[in-house]
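See structure below.
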Protein chains: 2
Amino acid sequence: MNSDFTLAIHSLTYLALQHDRMSKSDAIAESAGVHAVRIRKVLSLLKKHGIIKSKEGTGGGFIFAKEFSEVSLWDIYTLTSEGALQPKCPESNEACVVGANMHKVLFTIFLGAEEHLGEYLKQYTIKDIVDLISKGN
Amino acid sequence: MNSDFTLAIHSLTYLALQHDRMSKSDAIAESAGVHAVRIRKVLSLLKKHGIIKSKEGTGGGFIFAKEFSEVSLWDIYTLTSEGALQPKCPESNEACVVGANMHKVLFTIFLGAEEHLGEYLKQYTIKDIVDLISKGN
DNA sequence: CGATCTGTACCATTTACGATTACCGTGCAC
DNA sequence: GTGCACGGTAATCGTAAATGGTACAGATCG
């Protein structure tokens, strides 16, 4: 799976622990071990969906816009990685019974799989992650 | 997800429909739209785990070694793609509370997710796939 | 032996990902 | 206003992973 998901979770957890002030992309980037531009890209997406707010200029940065317990891992997954479960099929031979229908069959099955995964990921919110991090587990 | 999974399912379905004779990697490759060598690589893995048999030389090829209903998609997933769900984390900053613990937390959560996915994929066997393909859905 | 297959090692090519740079627009301080 | 400190975004480049493809050894059969 894409690491955008990881970065988003990481950033949100960071913001949650700094909930009373703005955090700069530089600081988050240093914590996550990636370049600040990537953090801005990912967080820009989260901002578009109202999960966080941002402010430009001196004293600016990112800050949470919701309750931590309102944002689930599934929310983040759909924003950053939807469809990632879907296996890539090379274009198979339409002249063959197997080739002609395989794609459709697998697509349907994995649509169900992603839905199933959703039910699992909905159990976890950013608040849960923060608690786990704080406990050191 | 890895396309090895797709190729394995495709090949097995092909073999299932040709259950009374050996199939050459060339024929399967043509159906799947990939190079024959890749088919051999993937099928060589399935052979090692006793799902199919192979035979070299004239008149050789691949053939199913089990009942179609005994092989589930989860079996194939574990062979070809185990761990694929696990999101890649860049090495984050150990000096930061978030960075130091994020990996462990996410790892645990996704271990659960893969287990959850397993329960879903176990529902489907190669026989089911064959049936769906035959119905054209 | 010679034809036909799988089994693999190996290299070439393509693709995906991420790092990095560069530059713009915005907001604050003075 | 000017200058600095931010996020927003596009463009470029390097690199690793996925895939395509070649070559050849080993097995099997007639």
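Within each chain, counting starts at residue 1; across the structure tokens, chains are named A, B, ... in the order shown, with ligands numbered 1 upward in that order.
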Contact check, chain A to chain C, at most 6 Å, counting only C-alpha atoms (C1' of nucleotides), closest pairs as a Markdown table:
| residue | atom | partner | partner_atom | distance |
| --- | --- | --- | --- | --- |
| A:Glu56 | CA | C:DT26 | C1' | 5.9 |
| A:Gly57 | CA | C:DG27 | C1' | 4.5 |
| A:Thr58 | CA | C:DC28 | C1' | 5.5 |
| said: Only residues of chain B matter here; which ones have an atom within 10 Å of chain D, counting only C-alpha atoms (C1' of nucleotides)? Give them as an MDAnalysis selection string. | reply: chainID B and resid 2:3 34:38 55:60
Taking C-alpha atoms for each residue, export the selection above as a compact mmCIF listing (two decimals), in the first residue's frame.
# COMPACT_ATOMS: atom_id res chain seq x y z
CA ASN B 2 0.98 -7.61 -6.78
CA SER B 3 -0.16 -8.98 -10.13
CA VAL B 34 1.92 -12.00 -20.26
CA HIS B 35 5.21 -13.68 -21.08
CA ALA B 36 5.40 -17.45 -20.65
CA VAL B 37 8.38 -17.15 -18.34
CA ARG B 38 6.34 -15.23 -15.80
CA LYS B 55 5.96 -32.24 -16.14
CA GLU B 56 8.86 -31.38 -18.37
CA GLY B 57 9.50 -32.53 -21.89
CA THR B 58 7.26 -33.38 -24.81
CA GLY B 59 3.60 -33.53 -23.89
CA GLY B 60 4.41 -31.92 -20.56
| query | Ser81 in chain A: which residues within 10 Å, counting only C-alpha atoms (C1' of nucleotides), same-chain residues fewer than 5 positions away excluded, as a list in words? | reply |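 Here the answer would be Met1, Asn2, Ser3, Asp4, Phe5, Trp74 and Ile76 of chain A.
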Selection to disk with C-alpha atoms, as a compact mmCIF listing (two decimals), in the first residue's frame:
# COMPACT_ATOMS: atom_id res chain seq x y z
CA MET A 1 0.00 0.00 0.00
CA ASN A 2 0.90 3.59 -0.63
CA SER A 3 2.84 5.34 2.12
CA ASP A 4 0.59 8.39 1.80
CA PHE A 5 -1.72 6.59 4.19
CA TRP A 74 -11.09 4.31 7.08
CA ILE A 76 -8.00 8.42 5.77
| said: If I take CA of Thr108 in chain A and CA of Leu121 in chain B, how far is one from the other in Å, to one decimal? | reply: 12.3 Å
Compute the set of chain A residues within 6 Å of chain B, using only C-alpha atoms, and express it as a PDB file with C-alpha atoms, in the first residue's frame.
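The resulting file, part.pdb, is shown below:
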ATOM      1  CA  MET A   1       0.000   0.000   0.000  1.00  0.00           C
ATOM      2  CA  SER A   3       2.842   5.336   2.121  1.00  0.00           C
ATOM      3  CA  SER A  31       9.216  13.538  12.716  1.00  0.00           C
ATOM      4  CA  ALA A  32       8.079  11.392   9.807  1.00  0.00           C
ATOM      5  CA  GLY A  33      11.468  11.252   8.122  1.00  0.00           C
ATOM      6  CA  LEU A  85      -6.374  -3.354  -2.695  1.00  0.00           C
ATOM      7  CA  PRO A  87      -4.877  -6.247  -7.901  1.00  0.00           C
ATOM      8  CA  LYS A  88      -3.487  -5.069 -11.201  1.00  0.00           C
ATOM      9  CA  SER A  92      -5.767 -10.550 -20.932  1.00  0.00           C
ATOM     10  CA  ASN A  93      -6.881 -12.281 -24.095  1.00  0.00           C
ATOM     11  CA  CYS A  96     -10.261 -16.812 -24.296  1.00  0.00           C
ATOM     12  CA  GLY A  99      -9.155 -13.964 -20.206  1.00  0.00           C
ATOM     13  CA  ASN A 101     -14.053 -12.563 -17.783  1.00  0.00           C
ATOM     14  CA  ILE A 133       1.350   5.984  20.847  1.00  0.00           C
TER      15      ILE A 133
END
Could you pull out the helix (DSSP H, G or I) residues of range 6-55 of chain B from DSSP and send them as a compact mmCIF listing (two decimals) with N, CA and C atoms, in the first residue's frame?
# COMPACT_ATOMS: atom_id res chain seq x y z
N THR B 6 -3.04 -12.16 -9.28
CA THR B 6 -3.93 -12.25 -10.43
C THR B 6 -3.52 -13.36 -11.38
N LEU B 7 -2.22 -13.41 -11.65
CA LEU B 7 -1.73 -14.41 -12.59
C LEU B 7 -1.95 -15.82 -12.06
N ALA B 8 -1.74 -15.99 -10.76
CA ALA B 8 -1.95 -17.30 -10.16
C ALA B 8 -3.41 -17.73 -10.30
N ILE B 9 -4.32 -16.84 -9.95
CA ILE B 9 -5.75 -17.16 -10.06
C ILE B 9 -6.11 -17.47 -11.52
N HIS B 10 -5.61 -16.62 -12.39
CA HIS B 10 -5.89 -16.81 -13.81
C HIS B 10 -5.42 -18.19 -14.28
N SER B 11 -4.20 -18.51 -13.93
CA SER B 11 -3.63 -19.79 -14.35
C SER B 11 -4.41 -20.97 -13.78
N LEU B 12 -4.74 -20.88 -12.51
CA LEU B 12 -5.46 -21.98 -11.87
C LEU B 12 -6.83 -22.17 -12.49
N THR B 13 -7.47 -21.06 -12.81
CA THR B 13 -8.78 -21.15 -13.44
C THR B 13 -8.65 -21.81 -14.81
N TYR B 14 -7.62 -21.42 -15.50
CA TYR B 14 -7.35 -22.02 -16.81
C TYR B 14 -7.14 -23.53 -16.66
N LEU B 15 -6.30 -23.90 -15.69
CA LEU B 15 -6.03 -25.32 -15.47
C LEU B 15 -7.30 -26.07 -15.07
N ALA B 16 -8.13 -25.40 -14.30
CA ALA B 16 -9.37 -26.05 -13.85
C ALA B 16 -10.26 -26.38 -15.04
N LEU B 17 -10.28 -25.46 -16.00
CA LEU B 17 -11.12 -25.70 -17.17
C LEU B 17 -10.50 -26.74 -18.10
N SER B 25 2.82 -23.62 -20.63
CA SER B 25 2.95 -22.24 -20.16
C SER B 25 2.64 -21.25 -21.29
N ASP B 26 2.96 -21.64 -22.52
CA ASP B 26 2.66 -20.78 -23.67
C ASP B 26 1.18 -20.47 -23.77
N ALA B 27 0.36 -21.50 -23.64
CA ALA B 27 -1.08 -21.33 -23.80
C ALA B 27 -1.64 -20.45 -22.68
N ILE B 28 -1.19 -20.71 -21.46
CA ILE B 28 -1.67 -19.92 -20.32
C ILE B 28 -1.23 -18.47 -20.49
N ALA B 29 0.02 -18.31 -20.93
CA ALA B 29 0.55 -16.96 -21.11
C ALA B 29 -0.27 -16.19 -22.13
N GLU B 30 -0.67 -16.87 -23.18
CA GLU B 30 -1.47 -16.19 -24.21
C GLU B 30 -2.83 -15.77 -23.65
N SER B 31 -3.40 -16.63 -22.84
CA SER B 31 -4.68 -16.30 -22.24
C SER B 31 -4.57 -15.12 -21.27
N ALA B 32 -3.46 -15.10 -20.52
CA ALA B 32 -3.31 -14.07 -19.49
C ALA B 32 -2.68 -12.79 -20.03
N ALA B 36 5.46 -16.08 -21.17
CA ALA B 36 5.40 -17.45 -20.65
C ALA B 36 6.32 -17.66 -19.45
N VAL B 37 7.44 -16.97 -19.45
CA VAL B 37 8.38 -17.15 -18.34
C VAL B 37 7.77 -16.72 -17.01
N ARG B 38 6.98 -15.67 -17.05
CA ARG B 38 6.34 -15.23 -15.80
C ARG B 38 5.38 -16.28 -15.30
N ILE B 39 4.63 -16.88 -16.22
CA ILE B 39 3.70 -17.94 -15.83
C ILE B 39 4.47 -19.07 -15.16
N ARG B 40 5.58 -19.44 -15.76
CA ARG B 40 6.37 -20.53 -15.18
C ARG B 40 6.85 -20.17 -13.78
N LYS B 41 7.27 -18.94 -13.61
CA LYS B 41 7.75 -18.52 -12.29
C LYS B 41 6.65 -18.64 -11.25
N VAL B 42 5.49 -18.09 -11.58
CA VAL B 42 4.39 -18.12 -10.61
C VAL B 42 3.94 -19.55 -10.35
N LEU B 43 3.81 -20.32 -11.42
CA LEU B 43 3.32 -21.68 -11.25
C LEU B 43 4.34 -22.57 -10.53
N SER B 44 5.60 -22.23 -10.70
CA SER B 44 6.63 -22.97 -9.98
C SER B 44 6.44 -22.83 -8.48
N LEU B 45 5.98 -21.65 -8.07
CA LEU B 45 5.70 -21.43 -6.66
C LEU B 45 4.51 -22.27 -6.20
N LEU B 46 3.47 -22.29 -7.01
CA LEU B 46 2.28 -23.06 -6.65
C LEU B 46 2.60 -24.55 -6.60
N LYS B 47 3.52 -24.95 -7.47
CA LYS B 47 3.91 -26.36 -7.49
C LYS B 47 4.60 -26.74 -6.19
N LYS B 48 5.50 -25.87 -5.74
CA LYS B 48 6.22 -26.15 -4.50
C LYS B 48 5.29 -26.38 -3.33
| query | To one decimal place, how far is CA of Ser23 in chain B from CA of Ala65 in chain B in Å? | reply |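 Interatomic distance, CA of Ser23 in chain B to CA of Ala65 in chain B: 13.0 Å.
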